[in-house]
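Data file: upload-v1.csv. Format and content: CSV, C-alpha atoms.
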```
chain,number,residue,atom,x,y,z
A,1,MET,CA,152.4,156.2,7.2
A,2,ALA,CA,149.9,153.4,7.3
A,3,SER,CA,152.1,151.6,9.8
A,4,ARG,CA,152.3,154.7,12.0
A,5,VAL,CA,148.5,155.0,12.0
A,6,SER,CA,148.0,151.4,12.9
A,7,SER,CA,150.6,151.5,15.7
A,8,LYS,CA,149.0,154.6,17.1
A,9,GLY,CA,145.6,152.9,17.0
A,10,LYS,CA,146.9,149.9,19.0
A,11,GLY,CA,148.5,152.2,21.6
A,12,SER,CA,146.0,154.6,23.1
A,13,LYS,CA,142.6,153.9,21.5
A,14,GLY,CA,143.0,150.0,21.7
A,15,ARG,CA,143.1,150.0,25.5
A,16,SER,CA,140.2,152.3,26.0
A,17,ARG,CA,138.2,150.5,23.3
A,18,ARG,CA,138.7,147.2,25.0
A,19,GLY,CA,137.7,148.7,28.3
A,20,LYS,CA,134.5,150.1,26.7
A,21,CYS,CA,133.8,146.7,25.1
A,22,VAL,CA,134.1,144.9,28.4
A,23,LYS,CA,131.8,147.5,30.0
A,24,GLU,CA,129.2,147.2,27.2
A,25,TRP,CA,129.2,143.4,27.3
A,26,SER,CA,128.9,143.3,31.1
A,27,THR,CA,126.0,145.7,31.0
A,28,TRP,CA,124.4,143.6,28.2
A,29,ALA,CA,125.0,140.5,30.4
A,30,MET,CA,123.5,142.1,33.5
A,31,LYS,CA,120.4,143.2,31.5
A,32,LYS,CA,119.9,139.7,30.2
A,33,ALA,CA,120.5,138.2,33.6
A,34,LYS,CA,117.9,140.5,35.1
A,35,VAL,CA,115.3,139.5,32.5
A,36,VAL,CA,116.1,135.8,33.1
A,37,ALA,CA,115.8,136.2,36.8
A,38,HIS,CA,112.6,138.2,36.5
A,39,TYR,CA,110.8,135.6,34.4
A,40,GLY,CA,112.5,132.5,35.6
A,41,PHE,CA,112.8,132.8,39.4
A,42,ILE,CA,109.3,131.7,40.4
A,43,PRO,CA,109.2,128.8,37.8
A,44,LEU,CA,112.6,127.7,39.2
A,45,ILE,CA,111.2,127.5,42.7
A,46,ILE,CA,108.1,125.6,41.4
A,47,VAL,CA,110.3,123.1,39.5
A,48,LEU,CA,112.5,122.5,42.5
A,49,GLY,CA,109.6,122.1,44.8
A,50,MET,CA,107.7,119.7,42.5
A,51,ASN,CA,110.9,117.5,42.3
A,52,SER,CA,111.5,117.4,46.0
A,53,THR,CA,110.4,114.4,48.0
A,54,PRO,CA,107.7,113.6,48.8
A,55,LYS,CA,106.7,114.5,45.3
A,56,PRO,CA,103.4,116.5,45.3
A,57,HIS,CA,100.8,116.1,42.6
A,58,PRO,CA,100.6,118.8,39.9
A,59,PHE,CA,96.9,119.2,40.7
A,60,GLN,CA,97.9,120.5,44.1
A,61,LEU,CA,99.4,123.6,42.5
A,62,VAL,CA,96.0,124.9,41.4
A,63,ASN,CA,93.7,123.3,44.0
A,64,PRO,CA,92.8,125.8,46.7
A,65,VAL,CA,92.1,123.3,49.4
B,1,MET,CA,145.7,125.0,112.9
B,2,GLY,CA,143.2,125.7,110.1
B,3,SER,CA,140.2,128.0,110.1
B,4,PRO,CA,137.5,127.0,112.6
B,5,SER,CA,134.7,124.9,111.2
B,6,PRO,CA,131.3,126.7,110.7
B,7,PRO,CA,128.7,126.1,113.5
B,8,PRO,CA,126.3,123.2,112.8
B,9,PRO,CA,123.0,124.4,111.3
B,10,LEU,CA,120.0,124.7,113.7
B,11,GLY,CA,116.3,124.2,113.2
B,12,LEU,CA,115.0,124.7,109.6
B,13,ALA,CA,118.4,125.5,108.3
B,14,SER,CA,119.4,121.9,108.8
B,15,VAL,CA,116.6,120.8,106.5
B,16,LEU,CA,116.8,123.3,103.7
B,17,PRO,CA,119.7,123.0,101.2
B,18,PRO,CA,122.6,125.4,101.8
B,19,LYS,CA,121.7,128.4,99.6
B,20,GLU,CA,124.6,130.7,100.4
B,21,ALA,CA,127.3,128.5,99.0
B,22,GLU,CA,125.6,128.4,95.6
B,23,GLU,CA,125.0,132.1,95.4
B,24,LYS,CA,128.5,133.1,96.3
B,25,LYS,CA,130.1,130.7,93.8
B,26,GLU,CA,131.0,132.9,90.8
B,27,LYS,CA,131.2,131.3,87.4
B,28,LYS,CA,134.6,132.0,86.1
B,29,VAL,CA,134.4,133.6,82.6
B,30,ASP,CA,136.1,131.5,80.0
B,31,TYR,CA,137.2,134.1,77.5
B,32,LEU,CA,138.2,131.5,74.9
B,33,ASN,CA,134.7,130.0,74.8
B,34,LEU,CA,132.4,132.9,74.2
B,35,PRO,CA,129.1,132.4,72.5
B,36,CYS,CA,128.6,133.4,68.9
B,37,PRO,CA,127.0,136.9,68.7
B,38,VAL,CA,123.9,137.7,66.8
B,39,PRO,CA,124.4,138.9,63.2
B,40,PHE,CA,125.2,142.6,62.9
B,41,GLU,CA,122.0,143.6,61.1
B,42,GLU,CA,119.9,141.8,63.8
B,43,ILE,CA,121.6,143.6,66.7
B,44,GLN,CA,118.4,145.5,67.5
B,45,ARG,CA,116.0,142.6,66.6
B,46,GLU,CA,114.1,142.4,69.9
B,47,ALA,CA,113.4,146.1,69.9
B,48,LEU,CA,112.4,146.0,66.2
B,49,MET,CA,110.1,143.1,66.7
B,50,SER,CA,108.3,144.8,69.6
B,51,LEU,CA,108.2,148.3,68.3
B,52,LYS,CA,107.9,148.0,64.6
B,53,PRO,CA,105.1,145.6,63.7
B,54,GLU,CA,103.9,145.6,60.0
B,55,LEU,CA,101.2,148.1,60.4
B,56,PHE,CA,98.9,148.5,57.4
B,57,GLU,CA,95.7,150.2,56.3
B,58,GLY,CA,92.9,148.4,54.6
B,59,LEU,CA,92.2,144.7,54.1
B,60,ARG,CA,94.8,142.0,54.0
B,61,PHE,CA,94.3,138.4,53.3
B,62,ASP,CA,97.1,135.8,53.2
B,63,PHE,CA,96.7,132.2,52.3
B,64,THR,CA,99.6,129.8,52.5
B,65,LYS,CA,99.3,126.3,51.1
B,66,GLY,CA,101.9,123.8,51.9
B,67,LEU,CA,102.4,121.1,49.3
B,68,ASN,CA,105.1,119.2,51.3
B,69,HIS,CA,107.3,120.2,54.2
B,70,LYS,CA,109.8,121.9,51.9
B,71,PHE,CA,107.6,123.6,49.3
B,72,SER,CA,104.7,125.9,49.7
B,73,LEU,CA,102.7,128.4,47.7
B,74,SER,CA,101.2,131.6,49.0
B,75,HIS,CA,98.4,133.9,47.8
B,76,SER,CA,98.0,137.3,49.2
B,77,VAL,CA,95.4,140.0,48.6
B,78,PHE,CA,95.7,143.6,49.7
B,79,MET,CA,93.1,146.4,49.3
B,80,GLY,CA,93.8,149.7,50.9
B,81,SER,CA,95.8,152.8,51.0
B,82,MET,CA,99.6,152.9,50.7
B,83,GLU,CA,101.4,156.0,51.9
B,84,LEU,CA,103.7,157.8,49.6
B,85,PRO,CA,106.6,159.6,51.2
B,86,SER,CA,106.0,163.3,50.9
B,87,GLN,CA,108.2,166.3,51.9
B,88,SER,CA,105.4,168.4,53.2
B,89,SER,CA,103.6,167.7,56.4
B,90,ASP,CA,100.5,166.3,54.6
B,91,THR,CA,100.4,162.6,54.1
B,92,LEU,CA,99.9,161.4,50.6
B,93,LYS,CA,97.8,158.2,50.3
B,94,VAL,CA,97.2,156.3,47.2
B,95,PRO,CA,94.5,153.6,47.1
B,96,THR,CA,96.1,150.4,45.9
B,97,ALA,CA,94.8,146.9,45.4
B,98,HIS,CA,97.1,144.0,44.5
B,99,TYR,CA,97.4,140.3,44.4
B,100,GLU,CA,100.7,138.7,45.2
B,101,PHE,CA,101.6,135.1,44.4
B,102,GLY,CA,104.5,133.5,46.2
B,103,ALA,CA,106.5,130.3,46.2
B,104,ASN,CA,108.8,129.1,49.0
B,105,TYR,CA,111.3,126.3,48.9
B,106,LEU,CA,113.0,125.6,52.2
B,107,ASP,CA,115.8,123.1,52.4
B,108,PRO,CA,118.3,122.9,55.3
B,109,LYS,CA,121.0,124.2,52.9
B,110,LEU,CA,119.0,126.3,50.4
B,111,MET,CA,116.1,128.6,50.9
B,112,LEU,CA,114.3,130.3,48.0
B,113,VAL,CA,111.5,132.7,48.5
B,114,GLY,CA,109.9,134.5,45.6
B,115,ARG,CA,106.9,136.9,45.5
B,116,ILE,CA,105.4,138.4,42.4
B,117,LEU,CA,102.8,141.1,42.3
B,118,THR,CA,100.2,141.9,39.6
B,119,ASP,CA,102.2,144.9,38.4
B,120,GLY,CA,105.2,142.7,37.6
B,121,ARG,CA,107.4,143.5,40.6
B,122,LEU,CA,109.4,140.5,41.9
B,123,ASN,CA,110.8,140.1,45.4
B,124,ALA,CA,113.3,137.4,45.5
B,125,ARG,CA,115.3,136.1,48.4
B,126,VAL,CA,117.9,133.3,48.2
B,127,LYS,CA,119.9,131.9,51.1
B,128,CYS,CA,122.4,129.2,50.4
B,129,ASP,CA,124.8,127.5,52.9
B,130,LEU,CA,128.0,127.2,50.9
B,131,THR,CA,129.9,125.5,53.7
B,132,ASP,CA,129.2,125.0,57.4
B,133,ASN,CA,130.3,128.5,58.3
B,134,LEU,CA,129.8,130.5,55.0
B,135,THR,CA,126.4,131.6,53.9
B,136,MET,CA,125.5,133.5,50.8
B,137,LYS,CA,122.3,135.5,50.7
B,138,ILE,CA,120.8,137.3,47.7
B,139,ASN,CA,118.0,139.9,48.1
B,140,ALA,CA,116.5,141.4,45.0
B,141,GLN,CA,113.5,143.6,44.0
B,142,LEU,CA,113.1,143.5,40.2
B,143,THR,CA,110.6,145.8,38.4
B,144,ASN,CA,109.5,146.3,34.9
B,145,GLU,CA,110.5,149.9,34.9
B,146,PRO,CA,114.2,150.3,34.0
B,147,HIS,CA,116.6,151.6,36.6
B,148,TYR,CA,114.3,150.8,39.5
B,149,SER,CA,115.5,147.3,40.3
B,150,GLN,CA,117.7,146.7,43.3
B,151,GLY,CA,119.8,143.7,44.3
B,152,MET,CA,122.2,142.9,47.1
B,153,PHE,CA,124.6,140.0,47.6
B,154,ASN,CA,125.7,139.1,51.1
B,155,PHE,CA,128.4,136.7,52.1
B,156,ASP,CA,128.3,135.8,55.8
B,157,TYR,CA,131.1,134.0,57.7
B,158,LYS,CA,130.3,132.7,61.1
B,159,GLY,CA,133.4,132.1,63.3
B,160,LYS,CA,133.6,130.7,66.8
B,161,ASP,CA,132.8,134.0,68.6
B,162,TYR,CA,132.6,136.4,65.8
B,163,ARG,CA,130.7,137.0,62.6
B,164,ALA,CA,131.9,138.8,59.4
B,165,GLN,CA,129.7,139.9,56.5
B,166,PHE,CA,130.5,141.4,53.1
B,167,GLN,CA,127.9,143.0,50.9
B,168,ILE,CA,127.8,144.0,47.3
B,169,GLY,CA,124.8,145.9,45.9
B,170,ASN,CA,123.7,147.5,42.7
B,171,ASN,CA,124.7,151.1,42.1
B,172,ALA,CA,128.2,150.0,43.2
B,173,PHE,CA,127.4,149.6,46.8
B,174,TYR,CA,130.0,147.8,48.9
B,175,GLY,CA,129.7,147.1,52.6
B,176,ALA,CA,131.3,145.0,55.3
B,177,ASN,CA,130.6,144.5,58.9
B,178,TYR,CA,132.1,142.6,61.8
B,179,ILE,CA,130.8,141.7,65.2
B,180,GLN,CA,132.7,140.0,68.1
B,181,SER,CA,131.7,138.7,71.5
B,182,VAL,CA,133.8,140.4,74.1
B,183,THR,CA,132.3,138.9,77.2
B,184,PRO,CA,129.5,136.4,77.6
B,185,HIS,CA,127.0,139.2,77.6
B,186,LEU,CA,128.6,142.0,75.6
B,187,SER,CA,129.3,142.1,71.9
B,188,LEU,CA,130.8,144.9,69.8
B,189,GLY,CA,130.7,145.4,66.1
B,190,SER,CA,131.4,147.9,63.4
B,191,GLU,CA,130.5,148.4,59.7
B,192,VAL,CA,131.8,150.3,56.8
B,193,PHE,CA,130.1,151.0,53.5
B,194,TRP,CA,131.0,152.7,50.2
B,195,LEU,CA,128.6,154.0,47.6
B,196,GLY,CA,130.3,154.0,44.2
B,197,HIS,CA,128.2,156.3,42.2
B,198,GLN,CA,127.9,159.0,44.8
B,199,ARG,CA,131.4,158.5,46.1
B,200,LYS,CA,130.0,158.4,49.7
B,201,SER,CA,131.4,156.2,52.4
B,202,GLY,CA,130.5,155.7,56.0
B,203,ILE,CA,131.5,153.8,59.1
B,204,GLY,CA,129.5,152.8,62.1
B,205,PHE,CA,129.9,151.1,65.5
B,206,ALA,CA,127.5,149.1,67.5
B,207,ALA,CA,127.4,147.5,70.9
B,208,ARG,CA,124.9,145.0,72.4
B,209,TYR,CA,124.6,143.9,76.0
B,210,ASN,CA,122.2,141.2,76.7
B,211,THR,CA,121.3,138.9,79.6
B,212,ASP,CA,118.4,136.6,80.0
B,213,LYS,CA,116.1,139.4,81.0
B,214,MET,CA,117.2,142.4,79.1
B,215,VAL,CA,118.9,143.6,75.9
B,216,ALA,CA,120.5,147.0,75.5
B,217,THR,CA,122.0,148.1,72.2
B,218,GLY,CA,123.6,151.3,70.9
B,219,GLN,CA,124.6,152.2,67.4
B,220,ILE,CA,126.4,155.2,66.1
B,221,ALA,CA,127.2,155.9,62.4
B,222,SER,CA,129.1,158.5,60.5
B,223,THR,CA,126.0,159.4,58.6
B,224,GLY,CA,125.0,161.2,61.8
B,225,ILE,CA,122.6,158.6,63.3
B,226,VAL,CA,122.7,157.6,66.9
B,227,ALA,CA,120.3,154.8,67.8
B,228,LEU,CA,119.8,153.3,71.3
B,229,SER,CA,117.3,150.7,72.4
B,230,TYR,CA,116.5,148.8,75.5
B,231,VAL,CA,114.2,145.8,75.9
B,232,GLN,CA,113.2,144.3,79.2
B,233,LYS,CA,111.6,140.9,79.5
B,234,VAL,CA,109.3,141.5,82.4
B,235,SER,CA,107.9,137.9,82.4
B,236,GLU,CA,107.4,135.0,80.0
B,237,LYS,CA,104.5,136.8,78.4
B,238,VAL,CA,105.3,140.4,78.7
B,239,SER,CA,108.2,142.5,77.4
B,240,LEU,CA,108.7,146.2,77.3
B,241,ALA,CA,110.8,148.0,74.8
B,242,SER,CA,112.1,151.5,74.3
B,243,ASP,CA,114.0,153.1,71.5
B,244,PHE,CA,115.8,156.4,70.9
B,245,MET,CA,117.0,157.7,67.6
B,246,TYR,CA,118.8,160.9,66.8
B,247,ASN,CA,119.6,162.1,63.2
B,248,HIS,CA,122.3,164.8,63.2
B,249,MET,CA,121.8,165.8,59.6
B,250,THR,CA,118.1,166.5,59.9
B,251,ARG,CA,118.2,167.3,63.6
B,252,ASP,CA,115.4,164.7,64.1
B,253,VAL,CA,114.9,163.1,67.5
B,254,THR,CA,112.4,160.2,67.9
B,255,SER,CA,111.8,158.2,71.0
B,256,SER,CA,109.3,155.5,71.4
B,257,PHE,CA,108.1,153.1,74.1
B,258,GLY,CA,106.2,149.9,73.5
B,259,TYR,CA,104.9,146.7,75.0
B,260,ASP,CA,104.7,143.2,73.6
B,261,TYR,CA,102.3,140.7,75.2
B,262,ILE,CA,102.7,137.1,73.9
B,263,LEU,CA,99.7,135.3,75.2
B,264,ARG,CA,98.4,131.8,74.4
B,265,GLN,CA,95.9,132.8,71.8
B,266,CYS,CA,97.1,136.2,70.7
B,267,ARG,CA,100.0,138.5,70.4
B,268,LEU,CA,99.4,142.2,71.2
B,269,ARG,CA,102.0,144.9,70.5
B,270,GLY,CA,101.5,148.6,71.1
B,271,LYS,CA,103.7,151.6,71.0
B,272,LEU,CA,103.7,155.3,71.8
B,273,ASP,CA,106.0,157.7,70.0
B,274,SER,CA,107.4,161.1,70.6
B,275,ASN,CA,106.0,162.2,67.3
B,276,GLY,CA,102.5,161.8,68.7
B,277,VAL,CA,101.9,158.4,67.1
B,278,VAL,CA,100.0,155.7,68.9
B,279,ALA,CA,99.9,152.3,67.3
B,280,ALA,CA,98.7,148.8,68.1
B,281,TYR,CA,98.8,145.5,66.4
B,282,LEU,CA,96.9,142.4,67.3
B,283,GLU,CA,97.3,138.9,66.0
B,284,GLU,CA,94.7,136.5,67.3
B,285,ARG,CA,94.7,132.8,66.7
B,286,LEU,CA,91.1,131.8,66.0
B,287,ASN,CA,91.7,128.3,65.1
B,288,MET,CA,94.6,126.0,64.0
B,289,GLY,CA,96.3,127.9,61.2
B,290,VAL,CA,93.7,130.8,61.1
B,291,ASN,CA,94.9,134.1,62.4
B,292,PHE,CA,92.9,137.3,62.6
B,293,ILE,CA,94.9,140.6,62.4
B,294,LEU,CA,94.0,144.1,63.5
B,295,SER,CA,96.2,147.0,63.0
B,296,ALA,CA,95.8,150.6,64.1
B,297,GLU,CA,97.9,153.7,63.9
B,298,ILE,CA,96.9,157.1,65.0
B,299,ASP,CA,99.2,160.1,64.2
B,300,HIS,CA,97.8,162.9,66.3
B,301,ARG,CA,100.2,165.5,64.9
B,302,LYS,CA,99.5,164.9,61.3
B,303,LYS,CA,95.8,163.9,61.9
B,304,ASP,CA,96.3,160.7,60.1
B,305,TYR,CA,94.2,157.7,61.1
B,306,LYS,CA,95.0,154.2,59.8
B,307,PHE,CA,93.1,151.1,60.6
B,308,GLY,CA,93.5,147.7,59.0
B,309,PHE,CA,92.1,144.3,59.4
B,310,GLY,CA,93.0,141.0,57.9
B,311,MET,CA,93.2,137.3,58.1
B,312,THR,CA,96.0,134.8,57.6
B,313,VAL,CA,95.2,131.2,56.7
B,314,GLY,CA,97.9,128.6,56.8
B,315,GLU,CA,101.2,128.4,58.7
```
Would you mind writing the structure in this file as structure tokens?
Amino acid sequence: MASRVSSKGKGSKGRSRRGKCVKEWSTWAMKKAKVVAHYGFIPLIIVLGMNSTPKPHPFQLVNPV
Amino acid sequence: MGSPSPPPPLGLASVLPPKEAEEKKEKKVDYLNLPCPVPFEEIQREALMSLKPELFEGLRFDFTKGLNHKFSLSHSVFMGSMELPSQSSDTLKVPTAHYEFGANYLDPKLMLVGRILTDGRLNARVKCDLTDNLTMKINAQLTNEPHYSQGMFNFDYKGKDYRAQFQIGNNAFYGANYIQSVTPHLSLGSEVFWLGHQRKSGIGFAARYNTDKMVATGQIASTGIVALSYVQKVSEKVSLASDFMYNHMTRDVTSSFGYDYILRQCRLRGKLDSNGVVAAYLEERLNMGVNFILSAEIDHRKKDYKFGFGMTVGE
């Protein structure tokens, strides 16, 4: 009886559970990616810009002139 | 016994260069060497540039500071009313004031543009040239409120005389479009899209005919929209544009006519609409890098009067 229950579990419920797992993880990954993009996009541009040539001085970031 | 030779030219005709020969010589069309068409979403760009300037109401101040030729920061202040879309005929205006900080990084192969507002909304645009012909573009508006963020990935392929684009958006939006040059002046294109969550799909066709002096476009979509536009370049400084849009679902017809004067110190655009809207937009260059902007929109039918002024400092 135990073997019958375990084989039934692997058949129908296993496939749908794996699909649900993938969907949950991809939603979790998209949520984290959205938070990372939201907070990190502008700092990424600033880091890329400060490292481009000719290298600007960090004071020029806040200086209005 | 060949054809008799033409009579020798007399008087002034012997001094002036022969004009007839040049006019009658037709350039043979090389159908294998057609120019690359404009991207599908820019098929109406001349009409949109002339007829749809960024009208606003209130005060606008933009300051762009370049740190080097690839990297620049921008600060933008806006104080005024923003219009909320409302179903009734009354316009709903909300007074808003916000400060927007932006950073731009422009490389030949990579372009990053980000703008963040005081309420936490982020507008991000990324354009990356993966190869010579393949470009990836990302466009996203991220907000703090859940389920209000939007994003779109575009993959563009530029062929010799065609362009193809594939789009993936949030809410399971998939779209593709293709445009091909058929003659040196005419290009035809079509697009399909599919909205996953609402199980809606649509197809559209577009055509664009342009010469040096005029551009005529037409677009028809299965969502019931027909859009036609015509732009005539009257001279180097003046162009006139007209636009017609018909929405079959809402039985809405709009037609507008506008002008675009590009002068040495200013650019003046004005338009008149079939909905009773008259609008004008002036950008005047006061000094090197300092622009003064005036915007006016009068909606006679809804009795809505919008006036705005602003200044742009920096490139």
- prompt: Using only C-alpha atoms, which chain B residues lie at most 12 Å away from chain A, written as a PyMOL selection string?
  reply: chain B and resi 63-75+101-107+110-117+120-126+140-151+170+313-314
query: At what distance in Å, to one decimal, does CA of Gly258 (chain B) lie from CA of Phe56 (chain B)?
result: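 Taking CA of Phe56 (chain B) and CA of Gly258 (chain B), their separation equals 17.7 Å.
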- request: Please measure the separation of CA of Ala164 (chain B) and CA of Ser187 (chain B), giving the value in Å to one decimal.
  value: 13.2 Å
- prompt: B:Asp260, B:Glu191, B:Asp30, B:Glu284: which is nearest Leu240 (chain B), counting only C-alpha atoms?
  reply: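 Under the stated criterion, the closest residue is B:Asp260.
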Coordinates-based distance that separates CA of Asp299 (chain B) from CA of Tyr261 (chain B) (Å, one decimal):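 Computed distance, CA of Tyr261 (chain B) to CA of Asp299 (chain B), equals 22.5 Å.
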- prompt: Leaving out Val29 (chain B) and any residue of its chain fewer than 4 positions from it, which residues lie within 12 Å of it when counting only C-alpha atoms, given as a ChimeraX atom specification?
  reply: /B:33-35,182-185
query: If you count all atoms listed in the file, which residues fall within 6 Å of region 270-278 of chain B, apart from same-chain ones fewer than 3 positions away, as an MDAnalysis selection string?
result: chainID B and resid 254:259 297:301
